[in-house]
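Participant: My file is structure36.cif. It has mmCIF, C-alpha atoms and all ligand atoms:
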```cif
data_data
#
loop_
_atom_site.group_PDB
_atom_site.id
_atom_site.type_symbol
_atom_site.label_atom_id
_atom_site.label_comp_id
_atom_site.auth_asym_id
_atom_site.auth_seq_id
_atom_site.Cartn_x
_atom_site.Cartn_y
_atom_site.Cartn_z
ATOM 1 C CA MET E 30 0.000 0.000 0.000
ATOM 2 C CA GLU E 31 1.262 3.468 -0.796
ATOM 3 C CA LYS E 32 2.376 5.470 2.207
ATOM 4 C CA LEU E 33 0.440 8.712 2.361
ATOM 5 C CA ARG E 34 2.180 10.664 5.101
ATOM 6 C CA SER E 35 5.624 10.603 6.496
ATOM 7 C CA LEU E 36 6.319 10.088 10.174
ATOM 8 C CA VAL E 37 8.011 13.074 11.762
ATOM 9 C CA ALA E 38 9.534 12.621 15.236
ATOM 10 C CA ILE E 39 11.017 15.207 17.581
ATOM 11 C CA TYR E 40 13.915 14.414 19.913
ATOM 12 C CA PRO E 41 13.899 17.325 22.357
ATOM 13 C CA GLY E 42 16.498 18.111 24.998
ATOM 14 C CA SER E 43 19.083 20.496 26.370
ATOM 15 C CA PHE E 44 22.072 18.826 24.653
ATOM 16 C CA ASP E 45 24.513 20.904 26.733
ATOM 17 C CA PRO E 46 26.521 19.415 25.073
ATOM 18 C CA ILE E 47 25.576 16.390 22.966
ATOM 19 C CA THR E 48 27.087 13.122 24.281
ATOM 20 C CA ASN E 49 27.555 9.751 22.624
ATOM 21 C CA GLY E 50 24.456 8.639 24.537
ATOM 22 C CA HIS E 51 22.373 11.269 22.735
ATOM 23 C CA LEU E 52 24.020 10.310 19.458
ATOM 24 C CA ASP E 53 23.113 6.652 19.970
ATOM 25 C CA LEU E 54 19.480 7.703 20.426
ATOM 26 C CA ILE E 55 19.608 9.881 17.317
ATOM 27 C CA GLU E 56 20.956 6.986 15.255
ATOM 28 C CA ARG E 57 18.279 4.596 16.514
ATOM 29 C CA GLY E 58 15.501 7.190 16.416
ATOM 30 C CA ALA E 59 16.321 8.173 12.841
ATOM 31 C CA ARG E 60 15.747 4.544 11.799
ATOM 32 C CA LEU E 61 12.230 4.592 13.259
ATOM 33 C CA CYS E 62 10.871 7.591 11.413
ATOM 34 C CA ASP E 63 11.006 9.370 8.094
ATOM 35 C CA ARG E 64 12.234 12.639 9.571
ATOM 36 C CA LEU E 65 13.880 13.205 12.956
ATOM 37 C CA VAL E 66 14.060 16.736 14.331
ATOM 38 C CA VAL E 67 16.617 17.113 17.115
ATOM 39 C CA ALA E 68 15.245 20.151 18.947
ATOM 40 C CA VAL E 69 17.214 22.196 21.473
ATOM 41 C CA LEU E 70 15.094 23.715 24.218
ATOM 42 C CA ARG E 71 15.683 27.446 24.684
ATOM 43 C CA ASN E 72 15.726 27.679 28.464
ATOM 44 C CA GLU E 73 18.185 30.213 29.842
ATOM 45 C CA ALA E 74 17.047 29.402 33.400
ATOM 46 C CA LYS E 75 19.210 26.262 33.220
ATOM 47 C CA GLN E 76 22.412 28.369 32.945
ATOM 48 C CA PRO E 77 23.929 26.290 30.170
ATOM 49 C CA LEU E 78 27.648 25.955 29.452
ATOM 50 C CA PHE E 79 27.035 26.458 25.719
ATOM 51 C CA SER E 80 24.595 28.847 24.046
ATOM 52 C CA VAL E 81 21.707 27.403 22.060
ATOM 53 C CA GLU E 82 23.504 28.372 18.842
ATOM 54 C CA GLU E 83 26.710 26.608 19.936
ATOM 55 C CA ARG E 84 24.760 23.495 20.897
ATOM 56 C CA MET E 85 22.966 23.488 17.548
ATOM 57 C CA GLU E 86 26.277 23.904 15.728
ATOM 58 C CA MET E 87 27.777 20.900 17.564
ATOM 59 C CA LEU E 88 24.675 18.822 16.851
ATOM 60 C CA ARG E 89 24.835 19.721 13.161
ATOM 61 C CA GLU E 90 28.504 18.744 13.016
ATOM 62 C CA VAL E 91 27.806 15.268 14.340
ATOM 63 C CA ILE E 92 24.458 14.308 12.820
ATOM 64 C CA CYS E 93 25.553 14.763 9.215
ATOM 65 C CA ASP E 94 25.774 10.952 8.914
ATOM 66 C CA TYR E 95 21.991 10.748 9.267
ATOM 67 C CA PRO E 96 20.405 12.371 6.213
ATOM 68 C CA ASN E 97 16.871 12.255 7.617
ATOM 69 C CA ALA E 98 17.867 14.080 10.813
ATOM 70 C CA GLU E 99 17.905 17.847 11.245
ATOM 71 C CA VAL E 100 18.549 20.319 14.066
ATOM 72 C CA ASP E 101 16.218 23.031 15.293
ATOM 73 C CA SER E 102 15.406 24.894 18.517
ATOM 74 C CA PHE E 103 12.176 25.714 20.265
ATOM 75 C CA ASP E 104 10.686 27.443 23.261
ATOM 76 C CA GLY E 105 7.251 27.234 24.828
ATOM 77 C CA LEU E 106 5.248 24.041 24.987
ATOM 78 C CA LEU E 107 6.846 21.048 23.308
ATOM 79 C CA VAL E 108 3.500 19.734 22.015
ATOM 80 C CA ASP E 109 2.758 23.094 20.357
ATOM 81 C CA TYR E 110 6.138 22.964 18.668
ATOM 82 C CA ALA E 111 5.512 19.330 17.617
ATOM 83 C CA GLN E 112 2.226 20.323 16.024
ATOM 84 C CA ARG E 113 3.815 23.246 14.211
ATOM 85 C CA ARG E 114 6.392 20.796 12.792
ATOM 86 C CA GLY E 115 3.737 18.218 11.848
ATOM 87 C CA ALA E 116 5.290 15.703 14.248
ATOM 88 C CA THR E 117 3.288 12.906 15.871
ATOM 89 C CA VAL E 118 6.054 11.285 17.897
ATOM 90 C CA LEU E 119 8.322 12.545 20.680
ATOM 91 C CA ILE E 120 11.449 10.514 21.376
ATOM 92 C CA ARG E 121 12.982 10.430 24.846
ATOM 93 C CA GLY E 122 15.658 8.283 26.417
ATOM 94 C CA ILE E 123 15.507 6.308 29.647
ATOM 95 C CA ARG E 124 18.776 5.495 31.363
ATOM 96 C CA ALA E 125 17.835 4.368 34.841
ATOM 97 C CA ILE E 126 14.834 4.286 37.148
ATOM 98 C CA SER E 127 15.804 7.834 38.141
ATOM 99 C CA ASP E 128 14.861 9.056 34.634
ATOM 100 C CA TYR E 129 11.568 7.182 34.682
ATOM 101 C CA GLU E 130 9.584 9.284 37.119
ATOM 102 C CA TYR E 131 10.311 12.621 35.475
ATOM 103 C CA GLU E 132 9.858 11.219 31.976
ATOM 104 C CA LEU E 133 6.546 9.573 32.922
ATOM 105 C CA GLN E 134 5.255 12.869 34.325
ATOM 106 C CA MET E 135 6.245 14.763 31.182
ATOM 107 C CA ALA E 136 4.816 12.119 28.847
ATOM 108 C CA LEU E 137 1.471 12.014 30.675
ATOM 109 C CA MET E 138 1.213 15.801 30.738
ATOM 110 C CA ASN E 139 2.075 16.043 27.056
ATOM 111 C CA ARG E 140 -0.523 13.394 26.224
ATOM 112 C CA ARG E 141 -3.112 15.307 28.225
ATOM 113 C CA LEU E 142 -2.254 18.506 26.381
ATOM 114 C CA CYS E 143 -2.164 16.830 22.983
ATOM 115 C CA PRO E 144 -3.411 13.227 22.671
ATOM 116 C CA GLY E 145 -2.364 13.085 19.017
ATOM 117 C CA VAL E 146 1.328 13.237 19.902
ATOM 118 C CA GLU E 147 2.802 10.020 21.317
ATOM 119 C CA THR E 148 5.980 9.798 23.431
ATOM 120 C CA VAL E 149 8.228 6.889 22.511
ATOM 121 C CA PHE E 150 10.953 5.858 24.951
ATOM 122 C CA LEU E 151 14.195 4.286 23.865
ATOM 123 C CA MET E 152 16.331 2.498 26.428
ATOM 124 C CA ALA E 153 19.833 3.933 26.662
ATOM 125 C CA GLY E 154 22.543 1.882 24.994
ATOM 126 C CA GLU E 155 24.216 -0.174 27.734
ATOM 127 C CA ALA E 156 27.534 1.570 27.150
ATOM 128 C CA TYR E 157 25.881 4.946 27.734
ATOM 129 C CA SER E 158 23.450 4.278 30.531
ATOM 130 C CA PHE E 159 25.643 6.150 33.060
ATOM 131 C CA LEU E 160 26.345 9.041 30.723
ATOM 132 C CA SER E 161 24.884 12.533 30.987
ATOM 133 C CA SER E 162 25.965 16.003 29.839
ATOM 134 C CA ARG E 163 26.205 16.997 33.503
ATOM 135 C CA VAL E 164 28.595 14.173 34.411
ATOM 136 C CA VAL E 165 30.779 14.864 31.379
ATOM 137 C CA LYS E 166 31.088 18.547 32.381
ATOM 138 C CA GLU E 167 31.937 17.585 35.954
ATOM 139 C CA VAL E 168 34.611 15.069 34.929
ATOM 140 C CA ILE E 169 36.327 17.489 32.573
ATOM 141 C CA ARG E 170 36.300 20.238 35.223
ATOM 142 C CA LEU E 171 38.077 17.850 37.583
ATOM 143 C CA GLY E 172 40.672 16.917 34.976
ATOM 144 C CA GLY E 173 39.300 13.462 34.057
ATOM 145 C CA ASP E 174 39.415 11.785 30.654
ATOM 146 C CA ILE E 175 36.200 12.089 28.620
ATOM 147 C CA SER E 176 37.381 10.489 25.392
ATOM 148 C CA GLY E 177 34.796 8.094 24.002
ATOM 149 C CA LEU E 178 31.999 9.799 25.921
ATOM 150 C CA VAL E 179 31.368 12.675 23.517
ATOM 151 C CA PRO E 180 32.021 13.083 19.785
ATOM 152 C CA SER E 181 35.590 14.380 19.211
ATOM 153 C CA PRO E 182 34.631 17.895 17.972
ATOM 154 C CA VAL E 183 32.587 18.252 21.167
ATOM 155 C CA GLU E 184 35.533 17.114 23.291
ATOM 156 C CA VAL E 185 37.664 19.879 21.759
ATOM 157 C CA ARG E 186 35.022 22.520 22.454
ATOM 158 C CA LEU E 187 34.492 21.289 26.001
ATOM 159 C CA LYS E 188 38.208 21.482 26.768
ATOM 160 C CA ASN E 189 38.386 24.989 25.324
ATOM 161 C CA ARG E 190 35.363 26.222 27.276
ATOM 162 C CA VAL E 191 35.974 24.525 30.617
ATOM 163 C CA LEU E 192 39.768 24.455 30.850
ATOM 164 C CA ARG E 193 40.781 27.485 28.769
ATOM 165 C CA GLY E 194 37.729 29.711 29.122
ATOM 166 C CA PHE E 195 36.894 30.314 25.452
HETATM 167 P P1 LIG G 201 16.734 17.325 29.213
HETATM 168 O O1 LIG G 201 17.181 18.579 29.889
HETATM 169 O O2 LIG G 201 15.486 17.470 28.401
HETATM 170 O O3 LIG G 201 16.701 16.075 30.095
HETATM 171 P P2 LIG G 201 19.056 16.159 28.002
HETATM 172 O O4 LIG G 201 19.884 16.728 26.906
HETATM 173 O O5 LIG G 201 19.740 15.911 29.301
HETATM 174 O O6 LIG G 201 17.845 17.128 28.108
HETATM 175 O O7 LIG G 201 18.393 14.802 27.523
HETATM 176 C C1 LIG G 201 17.518 14.735 26.437
HETATM 177 C C2 LIG G 201 16.949 13.335 26.367
HETATM 178 O O8 LIG G 201 17.990 12.409 26.086
HETATM 179 C C3 LIG G 201 16.285 12.832 27.658
HETATM 180 O O9 LIG G 201 15.175 12.025 27.321
HETATM 181 C C4 LIG G 201 17.364 12.010 28.301
HETATM 182 O O10 LIG G 201 16.794 10.998 29.123
HETATM 183 C C5 LIG G 201 18.016 11.408 27.074
HETATM 184 N N1 LIG G 201 19.410 11.053 27.331
HETATM 185 C C6 LIG G 201 20.371 11.819 27.889
HETATM 186 N N2 LIG G 201 21.534 11.151 27.991
HETATM 187 C C7 LIG G 201 21.292 9.899 27.488
HETATM 188 C C8 LIG G 201 22.080 8.715 27.338
HETATM 189 N N3 LIG G 201 23.331 8.649 27.766
HETATM 190 N N4 LIG G 201 21.489 7.645 26.775
HETATM 191 C C9 LIG G 201 20.202 7.698 26.382
HETATM 192 N N5 LIG G 201 19.390 8.764 26.515
HETATM 193 C C10 LIG G 201 19.934 9.853 27.061
#
```
Please express the file's structure as structure tokens.
Facilitator:
Amino acid sequence: MEKLRSLVAIYPGSFDPITNGHLDLIERGARLCDRLVVAVLRNEAKQPLFSVEERMEMLREVICDYPNAEVDSFDGLLVDYAQRRGATVLIRGIRAISDYEYELQMALMNRRLCPGVETVFLMAGEAYSFLSSRVVKEVIRLGGDISGLVPSPVEVRLKNRVLRGF
């Protein structure tokens, strides 16, 4: 049967910065849909290490291997943004039980706000289930080795920002 509409999914997050755990989700998410929009939340209250533009630039550098993935940013309600983009699926990652409660709350609220948009959870890759942007930033601040945890262009930027201040 001919496919009439394409499935657009949004993968929203802070991505401050993108880690190999995020990248694993992007790779797997891109296989599940026709178009994957990796969307950076504009939320200055979180006092990010990198600006939204810097985070989008890093994402663009590393998702070029996935032709059906693109990078965007949004503010306001995620479900409103999803509708504007014609998306019917939200992708989120679950690492440990600690992620579950918050993610469940968000997914139920989003479903209440917009029943036509479904949240799909992907389990973190086992190699990345301990990995978060926050931990990576902490380790680099303390002089630890983060190779293999973030894409190499991101590692360079992190070292410049955290250790050299630019
Ligand atoms: P947020 O501030 O929205 O939690 P993050 O950038 O920290 O933004 O995470 C975005 C999404 O990616 C969340 O669903 C989070 O659970 C998921 N995620 C973060 N790190 C990993 C990882 N290592 N493996 C799988 N999913 C992850």
Participant: Can you turn the PyMOL selection byres (((chain E and resi 61-68) around 7) and not hetatm) into a concrete residue list for this file, as an MDAnalysis selection string?
Facilitator: chainID E and resid 35:42 57:60 69:70 97:103
Participant: If you count all atoms listed in the file, which residues end up within 9 Å of ligand LIG 201 (chain G), as a PyMOL selection string?
Facilitator: chain E and resi 40-54+69-70+75+120-125+128-129+132+150-163+178
Participant: With the file shown as input, list the residues that the PyMOL selection byres (((chain E and resi 192) around 12) and not hetatm) selects, as a VMD selection string.
Facilitator: chain E and resid 166 to 173 184 to 191 193 to 195
Participant: For Met138 (chain E), find every residue with an atom within 12 Å (counting all atoms listed in the file), except residues of its own chain fewer than 5 positions away, and show them as a ChimeraX atom specification.
Facilitator: /E:106-108,131-133,143-144,146-148
Participant: Any idea what the distance is between CA of Val149 (chain E) and CA of Leu119 (chain E)?
Facilitator: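 Answer for the CA of Val149 (chain E) to CA of Leu119 (chain E) separation: 5.9 Å.
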Participant: For CA of Glu90 (chain E) and CA of Val179 (chain E), determine how far apart the two atoms are, in Å to one decimal place.
Facilitator: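 A separation of 12.5 Å between them.
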Participant: At what distance in Å, to one decimal, does CA of Ala111 (chain E) lie from CA of Ala74 (chain E)?
Facilitator: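 Result for CA of Ala74 (chain E) versus CA of Ala111 (chain E): 22.0 Å, one decimal.
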Participant: Measuring between all atoms listed in the file, which one of E:Glu73, E:Ala116, E:Asp104, E:Pro182 shows the shortest distance to Ile92 (chain E)?
Facilitator: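 Checking each of E:Glu73, E:Ala116, E:Asp104, E:Pro182 against Ile92 (chain E), counting all atoms listed in the file, the winner is E:Pro182.
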Participant: Please complete region 58-69 of chain E with N, CA, C and O atoms and give it back as a tab-separated table (two decimals), in the coordinates of the input.
Facilitator:
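In the end it all went to part-v4.tsv:
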```tsv
chain	number	residue	atom	x	y	z
E	58	GLY	N	16.76	6.49	16.68
E	58	GLY	CA	15.50	7.19	16.42
E	58	GLY	C	15.32	7.47	14.94
E	58	GLY	O	14.21	7.36	14.40
E	59	ALA	N	16.41	7.83	14.26
E	59	ALA	CA	16.32	8.17	12.84
E	59	ALA	C	15.86	6.97	12.01
E	59	ALA	O	15.26	7.12	10.96
E	60	ARG	N	16.16	5.76	12.52
E	60	ARG	CA	15.75	4.54	11.80
E	60	ARG	C	14.25	4.29	11.94
E	60	ARG	O	13.67	3.54	11.16
E	61	LEU	N	13.65	4.89	12.98
E	61	LEU	CA	12.23	4.59	13.26
E	61	LEU	C	11.26	5.53	12.54
E	61	LEU	O	10.07	5.30	12.55
E	62	CYS	N	11.79	6.61	12.00
E	62	CYS	CA	10.87	7.59	11.41
E	62	CYS	C	11.40	8.07	10.06
E	62	CYS	O	12.51	7.74	9.66
E	63	ASP	N	10.57	8.84	9.38
E	63	ASP	CA	11.01	9.37	8.09
E	63	ASP	C	11.87	10.61	8.30
E	63	ASP	O	12.80	10.87	7.55
E	64	ARG	N	11.50	11.40	9.32
E	64	ARG	CA	12.23	12.64	9.57
E	64	ARG	C	12.40	12.80	11.08
E	64	ARG	O	11.42	12.70	11.82
E	65	LEU	N	13.63	13.01	11.52
E	65	LEU	CA	13.88	13.20	12.96
E	65	LEU	C	14.38	14.63	13.17
E	65	LEU	O	15.39	15.04	12.60
E	66	VAL	N	13.65	15.37	14.01
E	66	VAL	CA	14.06	16.74	14.33
E	66	VAL	C	14.67	16.73	15.73
E	66	VAL	O	13.97	16.44	16.71
E	67	VAL	N	15.95	17.00	15.81
E	67	VAL	CA	16.62	17.11	17.11
E	67	VAL	C	16.45	18.57	17.54
E	67	VAL	O	16.96	19.49	16.89
E	68	ALA	N	15.67	18.79	18.61
E	68	ALA	CA	15.24	20.15	18.95
E	68	ALA	C	15.82	20.59	20.29
E	68	ALA	O	15.56	19.97	21.33
E	69	VAL	N	16.59	21.66	20.26
E	69	VAL	CA	17.21	22.20	21.47
E	69	VAL	C	16.24	23.14	22.16
E	69	VAL	O	15.73	24.09	21.55
```
